[in-house]
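Below is one structure, written out as structure tokens; the observations come after it.
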2 protein chains.
Amino acid sequence: MAIRTALTETLGLEYPIVLAPMGSVSGGRLAAAVSNAGGLGLVGGGYGDHAWLRDELSVAKAETARPWGIGLITWATTPETVQLALSYEPHTFMLSFGDPRPYVPAIKEAGCKLVCQVQDLEGARAAKAAGADVIVAQGTEAGGHGATRATLPLVPAVVDAVAPTPVLAAGGIADGRGLAAALMLGAQGVLMGTRFYAATESLGHWRAKEHIVTAKGEETRRTRVFDAVRGHEWPESYTGRALHNRFLERWDGREEALVAELDTEGRAFQEAVSKGDFETAMVWAGEAVDLIAEVANAGELVRSTGREAESNLRHANRFVRSD
Amino acid sequence: MAIRTALTETLGLEYPIVLAPMGSVSGGRLAAAVSNAGGLGLVGGGYGDHAWLRDELSVAKAETARPWGIGLITWATTPETVQLALSYEPHTFMLSFGDPRPYVPAIKEAGCKLVCQVQDLEGARAAKAAGADVIVAQGTEAGGHGATRATLPLVPAVVDAVAPTPVLAAGGIADGRGLAAALMLGAQGVLMGTRFYAATESLGHWRAKEHIVTAKGEETRRTRVFDAVRGHEWPESYTGRALHNRFLERWDGREEALVAELDTEGRAFQEAVSKGDFETAMVWAGEAVDLIAEVANAGELVRSTGREAESNLRHANRFVRSD
């Protein structure tokens with residue numbers, strides 16, 4: 001049993017379920033676990049720390065014989081980082097947040113499938129023109145960085161705009177119901193982030209995982225605060241969705257004041273990150289936290305999500321009445 | 001051919017497609033057209049203007065022999081308005097935005113099905129406790145008034161929270177792909193607003209309909225500006241999604257200044273509304289405008305949406321591979 005879409009056929013997957021490449025959370029072990037279960041694991045290269053990338057890409061490469069990949073933040077990457085990643089021979093290369101064009105030739109030359117994540121129709125058309133093999137339409141309900149459009153109306157609009165390029169849905173999906181819904185919208189699969197953050201194999205702090213398990217969707221916010229305190233200069237159009245906490249309550253909307261006190265606040269924040277103090281440090285998380293009830297094994301998550309979607313799809317014709 | 005869900009069986013519909021009761025847009029003629037095509041038409045009673053209600057409820061009652069209904073803004077309504085509406089013997093009574101409890105006994109006593117629209121899980125549980133027969137989970141991508149949660153992750157969470165009460169999805173749905181997706185999420189049907197705003201029979205200004213047809217999802221915004229200029233005191237948690245225009249650009253975030261100039265600005269605004277000047281007057285519209293390519297007959301919209309969903313659901317098992 002498995003699900004067949006343009007994505008599974010192109011990449012040789014059992015399920016059209018892709019691990020979102022969450023920076024410093026989607027490590028090699030998590031990516032390999034998702035790939036070994038028949039999904040597609042993407043290591044989250046984030047801002048491109050080379051030592052981290054070497055470690056995690058080695059693990060992914062060693063722990064799975066199935067297709068896997070890497071994802072980077074486009075505006076923060078460099079040709080050197082792309083080359084480093086390619087040297088580990090990923091099957092898939094995902095670029096999010098920025099203009100992918102400078103990196104397309106190297107990625108294509110290496111024989112990698114290019115996946116571009118976009119947040120609006122203009123971005124989708126640009127990604128197609130740049131040569132994307134797969135386009136991810138990411139909605140505002142997603143955890144971590146993203147923009148303002150919601151997944152449900154964005155996905156079919158992107159599907160129409162870039163056909164026949166395959167589209168994946170990202171944002172708000174954490175179970176088989178979301179996967180089945182995405183396929184009905186015309187997507188060929190899904191990216192899941194927050195659900196896999198709370199997987200056993202993720203590099204997320206155990207306390208962050210517990211926060212995700214207990215949090216409610218109403219408790220997530222889009223904000224620039226956690227970028228400001230870390231000195232990351234994200235382009236204007238992107239914010240990050242995180243669980244609400246005391247630090248966010250204190251600084252949201254006062255990013256300039258925060259930057260003015262970065263000497264002390266930045267240091268205290270980094271300390272909170274290393275201690276796992278999540279009343280200060282951020283837990284990136286999407287609105288789908290409502291659907292996440294336990295920390296679970298990543299392979300089991302791929303299989304249970306796939307099976308639930310299979311069952312919904314197999315029985316979808318029960319809704320059709322021929323009398 | 002038709003679609004069968006808990007909603008269609010309870011109300012005797014051909015398709016689980018409900019006309020959102022858009023104030024001063026969903027008149028009796030539009031509601032009757034949706035009902036006559038096998039959906040459920042709800043007259044949009046808005047703030048409860050009695051003369052308007054008498055006119056439009058008479059039309060709905062006269063023009064369809066099938067189930068139809070009425071929707072009101074809960075916080076703005078009164079027992080008298082509810083009684084007036086009930087005197088036209090609607091089959092379904094929808095309440096949105098506020099505590100429905102004061103009106104539940106009268107509605108139930110009249111033999112009406114009670115539909116409550118909510119924007120979060122707390123609201124969903126309260127609606128169930130209040131006796132709602134059907135709960136609408138409305139996402140932030142919806143046009144007009146609403147809140148912050150997105151439809152795709154909200155719907156399955158509400159389904160889980162209020163089972164076995166039937167749930168409808170609202171926000172971001174304008175075609176059969178959205179309807180099929182909603183059923184996969186566990187909903188028993190959908191509300192569509194913006195799509196029917198641009199129907200021939202809607203009371204919307206022809207120029208507003210043309211704006212909806214040409215607009216892009218990126219051009220919609222959630223705002224309080226259009227409430228402020230009309231002197232409507234909406235509860236804090238609700239904003240309205242409208243097409244971006246010059247008035248919004250000028251006043252968004254400066255609602256207090258606007259209220260201070262209400263004498264002149266309010267009058268100019270009302271003039272723009274009557275003239276159909278939509279660089280000042282608002283066009284409530286959701287992110288699904290990307291999926292709306294023409295003004296069309298409401299009955300044809302019900303049938304084409306239903307048929308597209310049927311086709312997607314009937315063939316959904318093509319995604320399941322048994323090898």
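Identifiers in this document derive from the order of the structure tokens: chains are assigned A, B, ..., residues are numbered from 1 separately in each chain, and ligands are numbered from 1 in order of occurrence.
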Enumerate, in order of chain and increasing residue number, the residues of chain B with an atom no farther than 8 Å from chain A, each with its shortest atom pair and distance in Å to one decimal, counting only C-alpha atoms, as JSON lines.
```
{"residue": "B:Met1", "atom": "CA", "partner": "A:Ser322", "partner_atom": "CA", "distance": 4.7}
{"residue": "B:Ala2", "atom": "CA", "partner": "A:Arg321", "partner_atom": "CA", "distance": 5.2}
{"residue": "B:Ile3", "atom": "CA", "partner": "A:Val320", "partner_atom": "CA", "distance": 4.7}
{"residue": "B:Arg4", "atom": "CA", "partner": "A:Phe319", "partner_atom": "CA", "distance": 4.9}
{"residue": "B:Thr5", "atom": "CA", "partner": "A:Phe319", "partner_atom": "CA", "distance": 6.3}
{"residue": "B:Asp120", "atom": "CA", "partner": "A:Glu218", "partner_atom": "CA", "distance": 7.3}
{"residue": "B:Thr140", "atom": "CA", "partner": "A:Ala150", "partner_atom": "CA", "distance": 7.9}
{"residue": "B:Glu141", "atom": "CA", "partner": "A:Ala150", "partner_atom": "CA", "distance": 6.2}
{"residue": "B:Arg149", "atom": "CA", "partner": "A:Glu218", "partner_atom": "CA", "distance": 7.1}
{"residue": "B:Ala150", "atom": "CA", "partner": "A:Glu141", "partner_atom": "CA", "distance": 6.2}
{"residue": "B:Thr151", "atom": "CA", "partner": "A:Leu152", "partner_atom": "CA", "distance": 6.9}
{"residue": "B:Leu152", "atom": "CA", "partner": "A:Leu152", "partner_atom": "CA", "distance": 5.9}
{"residue": "B:Pro153", "atom": "CA", "partner": "A:Gly172", "partner_atom": "CA", "distance": 4.7}
{"residue": "B:Leu154", "atom": "CA", "partner": "A:Ala288", "partner_atom": "CA", "distance": 7.7}
{"residue": "B:Pro156", "atom": "CA", "partner": "A:Arg177", "partner_atom": "CA", "distance": 7.6}
{"residue": "B:Ala157", "atom": "CA", "partner": "A:Asp290", "partner_atom": "CA", "distance": 6.1}
{"residue": "B:Gly172", "atom": "CA", "partner": "A:Pro153", "partner_atom": "CA", "distance": 4.7}
{"residue": "B:Ile173", "atom": "CA", "partner": "A:Pro153", "partner_atom": "CA", "distance": 6.5}
{"residue": "B:Arg177", "atom": "CA", "partner": "A:Leu185", "partner_atom": "CA", "distance": 4.9}
{"residue": "B:Gly178", "atom": "CA", "partner": "A:Leu185", "partner_atom": "CA", "distance": 6.2}
{"residue": "B:Ala180", "atom": "CA", "partner": "A:Met184", "partner_atom": "CA", "distance": 5.9}
{"residue": "B:Ala181", "atom": "CA", "partner": "A:Ala181", "partner_atom": "CA", "distance": 4.0}
{"residue": "B:Ala182", "atom": "CA", "partner": "A:Ala181", "partner_atom": "CA", "distance": 6.7}
{"residue": "B:Leu183", "atom": "CA", "partner": "A:Ala181", "partner_atom": "CA", "distance": 7.7}
{"residue": "B:Met184", "atom": "CA", "partner": "A:Ala181", "partner_atom": "CA", "distance": 5.1}
{"residue": "B:Leu185", "atom": "CA", "partner": "A:Arg177", "partner_atom": "CA", "distance": 4.9}
{"residue": "B:Gly186", "atom": "CA", "partner": "A:Arg177", "partner_atom": "CA", "distance": 7.3}
{"residue": "B:Gly217", "atom": "CA", "partner": "A:Arg149", "partner_atom": "CA", "distance": 7.6}
{"residue": "B:Glu218", "atom": "CA", "partner": "A:Arg149", "partner_atom": "CA", "distance": 7.1}
{"residue": "B:Glu287", "atom": "CA", "partner": "A:Pro153", "partner_atom": "CA", "distance": 6.3}
{"residue": "B:Ala288", "atom": "CA", "partner": "A:Pro153", "partner_atom": "CA", "distance": 5.2}
{"residue": "B:Asp290", "atom": "CA", "partner": "A:Ala157", "partner_atom": "CA", "distance": 6.1}
{"residue": "B:Leu291", "atom": "CA", "partner": "A:Ala157", "partner_atom": "CA", "distance": 6.3}
{"residue": "B:Glu310", "atom": "CA", "partner": "A:Val320", "partner_atom": "CA", "distance": 6.0}
{"residue": "B:Asn312", "atom": "CA", "partner": "A:Met184", "partner_atom": "CA", "distance": 6.4}
{"residue": "B:Leu313", "atom": "CA", "partner": "A:Ala316", "partner_atom": "CA", "distance": 5.1}
{"residue": "B:Arg314", "atom": "CA", "partner": "A:Asn317", "partner_atom": "CA", "distance": 4.5}
{"residue": "B:His315", "atom": "CA", "partner": "A:Asn317", "partner_atom": "CA", "distance": 7.3}
{"residue": "B:Ala316", "atom": "CA", "partner": "A:Leu313", "partner_atom": "CA", "distance": 5.1}
{"residue": "B:Asn317", "atom": "CA", "partner": "A:Arg314", "partner_atom": "CA", "distance": 4.5}
{"residue": "B:Arg318", "atom": "CA", "partner": "A:Arg4", "partner_atom": "CA", "distance": 7.8}
{"residue": "B:Phe319", "atom": "CA", "partner": "A:Arg4", "partner_atom": "CA", "distance": 4.9}
{"residue": "B:Val320", "atom": "CA", "partner": "A:Ile3", "partner_atom": "CA", "distance": 4.7}
{"residue": "B:Arg321", "atom": "CA", "partner": "A:Ala2", "partner_atom": "CA", "distance": 5.2}
{"residue": "B:Ser322", "atom": "CA", "partner": "A:Met1", "partner_atom": "CA", "distance": 4.7}
{"residue": "B:Asp323", "atom": "CA", "partner": "A:Met1", "partner_atom": "CA", "distance": 6.3}
```
Original post:
Contacts of Gly48 of chain B at 9 Å or less, counting only C-alpha atoms, minus same-chain residues fewer than 6 places along, as JSON, numbers by chain?
Top reply: {"B": [23, 72, 73, 76, 77, 78, 81, 82]}
Store the residues of this selection in a file with C-alpha atoms, as a JSON list (two decimals), in the first residue's frame.
```
[["chain", "number", "residue", "atom", "x", "y", "z"],
["B", 23, "GLY", "CA", -24.83, 41.32, 4.89],
["B", 72, "LEU", "CA", -27.28, 37.40, 11.58],
["B", 73, "ILE", "CA", -24.37, 39.07, 13.36],
["B", 76, "ALA", "CA", -25.56, 43.23, 16.83],
["B", 77, "THR", "CA", -28.87, 41.41, 16.91],
["B", 78, "THR", "CA", -31.90, 41.69, 19.21],
["B", 81, "THR", "CA", -34.85, 40.85, 14.95],
["B", 82, "VAL", "CA", -34.66, 37.13, 15.65]]
```
Go through segment 131-273 of chain A and collect every residue that DSSP, computed from the backbone, puts in alpha helix (DSSP H); the answer should be as a short mmCIF file (atom, residue, chain, number, x, y, z; two decimals) with N, CA, C and O atoms, in the first residue's frame.
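To be explicit, this is the file written out as states19.cif:
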```cif
data_model
loop_
_atom_site.label_atom_id
_atom_site.label_comp_id
_atom_site.auth_asym_id
_atom_site.auth_seq_id
_atom_site.Cartn_x
_atom_site.Cartn_y
_atom_site.Cartn_z
N THR A 151 -2.87 28.54 3.21
CA THR A 151 -2.61 27.37 2.37
C THR A 151 -3.80 26.98 1.49
O THR A 151 -3.63 26.73 0.29
N LEU A 152 -5.01 26.91 2.07
CA LEU A 152 -6.16 26.34 1.35
C LEU A 152 -6.47 27.09 0.04
O LEU A 152 -6.63 26.43 -1.00
N PRO A 153 -6.55 28.42 0.03
CA PRO A 153 -6.76 29.09 -1.26
C PRO A 153 -5.49 29.27 -2.08
O PRO A 153 -5.56 29.43 -3.31
N LEU A 154 -4.32 29.25 -1.43
CA LEU A 154 -3.07 29.48 -2.18
C LEU A 154 -2.73 28.30 -3.08
O LEU A 154 -2.31 28.47 -4.23
N VAL A 155 -2.89 27.08 -2.55
CA VAL A 155 -2.44 25.90 -3.28
C VAL A 155 -3.12 25.76 -4.65
O VAL A 155 -2.43 25.64 -5.67
N PRO A 156 -4.46 25.77 -4.74
CA PRO A 156 -5.05 25.61 -6.08
C PRO A 156 -4.69 26.76 -7.03
O PRO A 156 -4.55 26.54 -8.24
N ALA A 157 -4.52 27.96 -6.48
CA ALA A 157 -4.13 29.08 -7.34
C ALA A 157 -2.72 28.87 -7.89
O ALA A 157 -2.45 29.15 -9.06
N VAL A 158 -1.82 28.35 -7.06
CA VAL A 158 -0.46 28.07 -7.54
C VAL A 158 -0.48 26.91 -8.54
O VAL A 158 0.20 26.95 -9.56
N VAL A 159 -1.27 25.89 -8.24
CA VAL A 159 -1.39 24.76 -9.18
C VAL A 159 -1.79 25.27 -10.56
O VAL A 159 -1.19 24.91 -11.58
N ASP A 160 -2.80 26.14 -10.60
CA ASP A 160 -3.25 26.70 -11.88
C ASP A 160 -2.16 27.54 -12.55
O ASP A 160 -2.01 27.53 -13.77
N ALA A 161 -1.40 28.28 -11.73
CA ALA A 161 -0.43 29.23 -12.27
C ALA A 161 0.80 28.55 -12.86
O ALA A 161 1.42 29.10 -13.78
N VAL A 162 1.19 27.38 -12.35
CA VAL A 162 2.46 26.77 -12.77
C VAL A 162 2.30 25.42 -13.47
O VAL A 162 3.29 24.77 -13.80
N GLY A 176 -3.05 12.70 8.12
CA GLY A 176 -3.48 12.19 6.82
C GLY A 176 -4.66 12.94 6.24
O GLY A 176 -4.86 12.95 5.02
N ARG A 177 -5.46 13.59 7.11
CA ARG A 177 -6.56 14.40 6.60
C ARG A 177 -6.02 15.56 5.79
O ARG A 177 -6.52 15.89 4.71
N GLY A 178 -4.97 16.20 6.31
CA GLY A 178 -4.35 17.32 5.60
C GLY A 178 -3.72 16.88 4.30
O GLY A 178 -3.80 17.57 3.28
N LEU A 179 -3.07 15.70 4.31
CA LEU A 179 -2.47 15.19 3.08
C LEU A 179 -3.54 14.89 2.03
O LEU A 179 -3.43 15.30 0.86
N ALA A 180 -4.61 14.22 2.43
CA ALA A 180 -5.68 13.92 1.48
C ALA A 180 -6.30 15.21 0.94
O ALA A 180 -6.60 15.32 -0.26
N ALA A 181 -6.49 16.19 1.81
CA ALA A 181 -7.06 17.47 1.39
C ALA A 181 -6.15 18.14 0.36
O ALA A 181 -6.61 18.68 -0.65
N ALA A 182 -4.85 18.11 0.62
CA ALA A 182 -3.89 18.74 -0.29
C ALA A 182 -3.98 18.13 -1.68
O ALA A 182 -3.93 18.83 -2.69
N LEU A 183 -4.13 16.80 -1.75
CA LEU A 183 -4.24 16.15 -3.06
C LEU A 183 -5.53 16.57 -3.76
O LEU A 183 -5.55 16.76 -4.98
N MET A 184 -6.61 16.74 -3.00
CA MET A 184 -7.87 17.22 -3.61
C MET A 184 -7.72 18.64 -4.17
O MET A 184 -8.39 19.01 -5.13
N THR A 194 6.21 21.22 11.65
CA THR A 194 5.95 21.15 13.09
C THR A 194 5.72 19.72 13.57
O THR A 194 6.21 19.32 14.63
N ARG A 195 4.96 18.93 12.77
CA ARG A 195 4.69 17.54 13.17
C ARG A 195 6.00 16.78 13.38
O ARG A 195 6.15 16.03 14.35
N PHE A 196 6.99 17.00 12.49
CA PHE A 196 8.26 16.28 12.60
C PHE A 196 9.21 16.93 13.62
O PHE A 196 10.16 16.29 14.07
N TYR A 197 8.99 18.21 13.92
CA TYR A 197 9.77 18.85 15.00
C TYR A 197 9.58 18.01 16.26
O TYR A 197 10.54 17.70 16.99
N TRP A 206 14.06 18.61 23.89
CA TRP A 206 12.90 17.81 24.35
C TRP A 206 11.81 18.70 24.93
O TRP A 206 10.62 18.43 24.81
N ARG A 207 12.23 19.82 25.55
CA ARG A 207 11.23 20.70 26.16
C ARG A 207 10.42 21.44 25.07
O ARG A 207 9.23 21.67 25.22
N ALA A 208 11.09 21.78 23.97
CA ALA A 208 10.38 22.40 22.83
C ALA A 208 9.35 21.43 22.28
O ALA A 208 8.23 21.80 21.94
N LYS A 209 9.74 20.17 22.17
CA LYS A 209 8.80 19.16 21.67
C LYS A 209 7.59 19.06 22.59
O LYS A 209 6.45 18.95 22.12
N GLU A 210 7.82 19.11 23.88
CA GLU A 210 6.69 19.03 24.81
C GLU A 210 5.78 20.25 24.68
O GLU A 210 4.57 20.14 24.79
N HIS A 211 6.39 21.41 24.45
CA HIS A 211 5.57 22.61 24.23
C HIS A 211 4.67 22.42 23.00
O HIS A 211 3.50 22.80 23.00
N ILE A 212 5.23 21.85 21.93
CA ILE A 212 4.44 21.64 20.72
C ILE A 212 3.28 20.69 20.99
O ILE A 212 2.15 20.89 20.53
N VAL A 213 3.55 19.65 21.76
CA VAL A 213 2.51 18.66 22.05
C VAL A 213 1.36 19.28 22.86
O VAL A 213 0.20 18.96 22.63
N THR A 214 1.69 20.20 23.76
CA THR A 214 0.63 20.75 24.63
C THR A 214 0.03 22.05 24.09
O THR A 214 -1.04 22.46 24.54
N VAL A 225 10.50 39.29 16.08
CA VAL A 225 11.28 39.46 17.31
C VAL A 225 12.47 38.50 17.38
O VAL A 225 13.59 38.89 17.72
N PHE A 226 12.21 37.24 17.03
CA PHE A 226 13.28 36.24 17.20
C PHE A 226 14.36 36.38 16.13
O PHE A 226 15.46 35.87 16.30
N ASP A 227 14.05 37.03 15.02
CA ASP A 227 15.09 37.36 14.05
C ASP A 227 15.90 38.54 14.54
O ASP A 227 17.13 38.55 14.46
N ALA A 228 15.19 39.55 15.05
CA ALA A 228 15.86 40.76 15.53
C ALA A 228 16.88 40.42 16.61
O ALA A 228 18.03 40.88 16.56
N VAL A 229 16.50 39.60 17.57
CA VAL A 229 17.39 39.33 18.71
C VAL A 229 18.59 38.48 18.31
O VAL A 229 19.62 38.49 18.96
N ARG A 230 18.43 37.75 17.18
CA ARG A 230 19.55 36.94 16.71
C ARG A 230 20.38 37.66 15.65
O ARG A 230 21.34 37.10 15.12
N ARG A 246 7.01 34.63 26.88
CA ARG A 246 7.20 35.92 27.57
C ARG A 246 8.06 36.88 26.77
O ARG A 246 7.81 38.09 26.73
N PHE A 247 9.10 36.36 26.11
CA PHE A 247 9.98 37.22 25.32
C PHE A 247 9.20 37.90 24.18
O PHE A 247 9.35 39.09 23.92
N LEU A 248 8.35 37.12 23.54
CA LEU A 248 7.53 37.65 22.45
C LEU A 248 6.56 38.70 22.97
O LEU A 248 6.38 39.77 22.37
N GLU A 249 5.96 38.42 24.11
CA GLU A 249 5.02 39.37 24.70
C GLU A 249 5.72 40.70 25.00
O GLU A 249 5.16 41.78 24.80
N ARG A 250 6.97 40.58 25.46
CA ARG A 250 7.70 41.78 25.86
C ARG A 250 8.13 42.63 24.67
O ARG A 250 8.10 43.86 24.73
N TRP A 251 8.51 41.98 23.56
CA TRP A 251 9.18 42.73 22.49
C TRP A 251 8.39 42.86 21.20
O TRP A 251 8.77 43.63 20.32
N GLU A 255 10.66 45.93 17.96
CA GLU A 255 11.91 45.34 17.49
C GLU A 255 13.06 46.35 17.49
O GLU A 255 14.21 45.97 17.74
N GLU A 256 12.75 47.63 17.22
CA GLU A 256 13.85 48.62 17.20
C GLU A 256 14.45 48.80 18.59
O GLU A 256 15.67 48.90 18.74
N ALA A 257 13.60 48.85 19.59
CA ALA A 257 14.09 48.95 20.97
C ALA A 257 14.93 47.73 21.32
O ALA A 257 15.97 47.83 21.98
N LEU A 258 14.50 46.57 20.83
CA LEU A 258 15.24 45.34 21.10
C LEU A 258 16.62 45.39 20.48
O LEU A 258 17.63 45.05 21.13
N VAL A 259 16.67 45.85 19.23
CA VAL A 259 17.95 45.92 18.53
C VAL A 259 18.89 46.91 19.25
O VAL A 259 20.10 46.68 19.35
N ALA A 260 18.31 47.98 19.81
CA ALA A 260 19.13 48.96 20.55
C ALA A 260 19.75 48.34 21.80
O ALA A 260 20.79 48.80 22.27
N LEU A 262 20.70 45.14 22.01
CA LEU A 262 21.11 43.81 21.57
C LEU A 262 22.29 43.27 22.36
O LEU A 262 22.41 42.05 22.56
N ASP A 263 23.18 44.16 22.83
CA ASP A 263 24.35 43.71 23.59
C ASP A 263 23.94 42.81 24.75
O ASP A 263 24.45 41.70 24.90
N THR A 264 23.02 43.31 25.57
CA THR A 264 22.60 42.51 26.73
C THR A 264 21.52 41.50 26.35
O THR A 264 21.59 40.33 26.74
N GLU A 265 20.53 41.94 25.57
CA GLU A 265 19.40 41.06 25.26
C GLU A 265 19.84 39.87 24.39
O GLU A 265 19.35 38.75 24.57
N GLY A 266 20.76 40.13 23.48
CA GLY A 266 21.23 39.07 22.59
C GLY A 266 21.94 37.98 23.37
O GLY A 266 21.72 36.79 23.13
N ARG A 267 22.77 38.41 24.31
CA ARG A 267 23.51 37.43 25.10
C ARG A 267 22.55 36.59 25.96
O ARG A 267 22.64 35.37 26.02
N ALA A 268 21.63 37.28 26.62
CA ALA A 268 20.65 36.57 27.47
C ALA A 268 19.83 35.59 26.63
O ALA A 268 19.51 34.48 27.08
N PHE A 269 19.51 36.01 25.40
CA PHE A 269 18.70 35.14 24.54
C PHE A 269 19.48 33.87 24.19
O PHE A 269 18.94 32.76 24.27
N GLN A 270 20.75 34.05 23.81
CA GLN A 270 21.55 32.87 23.44
C GLN A 270 21.68 31.92 24.61
O GLN A 270 21.69 30.70 24.45
N GLU A 271 21.80 32.49 25.82
CA GLU A 271 21.88 31.65 27.01
C GLU A 271 20.58 30.85 27.18
O GLU A 271 20.62 29.65 27.51
N ALA A 272 19.45 31.52 26.96
CA ALA A 272 18.15 30.84 27.07
C ALA A 272 18.05 29.71 26.05
O ALA A 272 17.53 28.63 26.35
N VAL A 273 18.57 29.96 24.84
CA VAL A 273 18.55 28.92 23.82
C VAL A 273 19.34 27.71 24.29
O VAL A 273 18.86 26.57 24.22
#
```
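Among the candidate residues A:Thr223, A:Thr10, A:Asn36, A:Leu57, the one lying nearest to Cys112 of chain A is A:Thr10, with distances computed using only C-alpha atoms.
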Subject >> Spatial neighbours of Leu191 of chain A, 7 Å, only C-alpha atoms, chain gap at least 3 places, as a PyMOL selection string >> reply: chain A and resi 17-20+168-170
Original post:
How would you write, as a ChimeraX atom specification, the set of residues in segment 44-121 of chain B that DSSP gives as strand (DSSP E or B)?
Top reply: /B:44,68-73,92-96,113-118
Just the selected residues (C-alpha atoms), exported as an mmCIF file, in the first residue's frame, please.
```cif
data_model
loop_
_atom_site.group_PDB
_atom_site.id
_atom_site.type_symbol
_atom_site.label_atom_id
_atom_site.label_comp_id
_atom_site.auth_asym_id
_atom_site.auth_seq_id
_atom_site.Cartn_x
_atom_site.Cartn_y
_atom_site.Cartn_z
ATOM 1 C CA GLY B 44 -27.389 37.913 5.043
ATOM 2 C CA TRP B 68 -33.212 28.093 2.981
ATOM 3 C CA GLY B 69 -32.187 30.220 5.931
ATOM 4 C CA ILE B 70 -31.037 33.446 7.506
ATOM 5 C CA GLY B 71 -27.768 34.585 9.086
ATOM 6 C CA LEU B 72 -27.281 37.400 11.581
ATOM 7 C CA ILE B 73 -24.375 39.071 13.358
ATOM 8 C CA THR B 92 -31.903 27.217 9.121
ATOM 9 C CA PHE B 93 -30.727 30.011 11.410
ATOM 10 C CA MET B 94 -27.069 30.983 11.458
ATOM 11 C CA LEU B 95 -25.458 33.123 14.137
ATOM 12 C CA SER B 96 -21.911 34.459 13.803
ATOM 13 C CA LYS B 113 -31.629 24.129 12.583
ATOM 14 C CA LEU B 114 -29.085 26.267 14.444
ATOM 15 C CA VAL B 115 -25.766 26.909 12.692
ATOM 16 C CA CYS B 116 -23.062 28.706 14.697
ATOM 17 C CA GLN B 117 -19.963 30.113 13.036
ATOM 18 C CA VAL B 118 -16.751 30.104 15.091
#
```
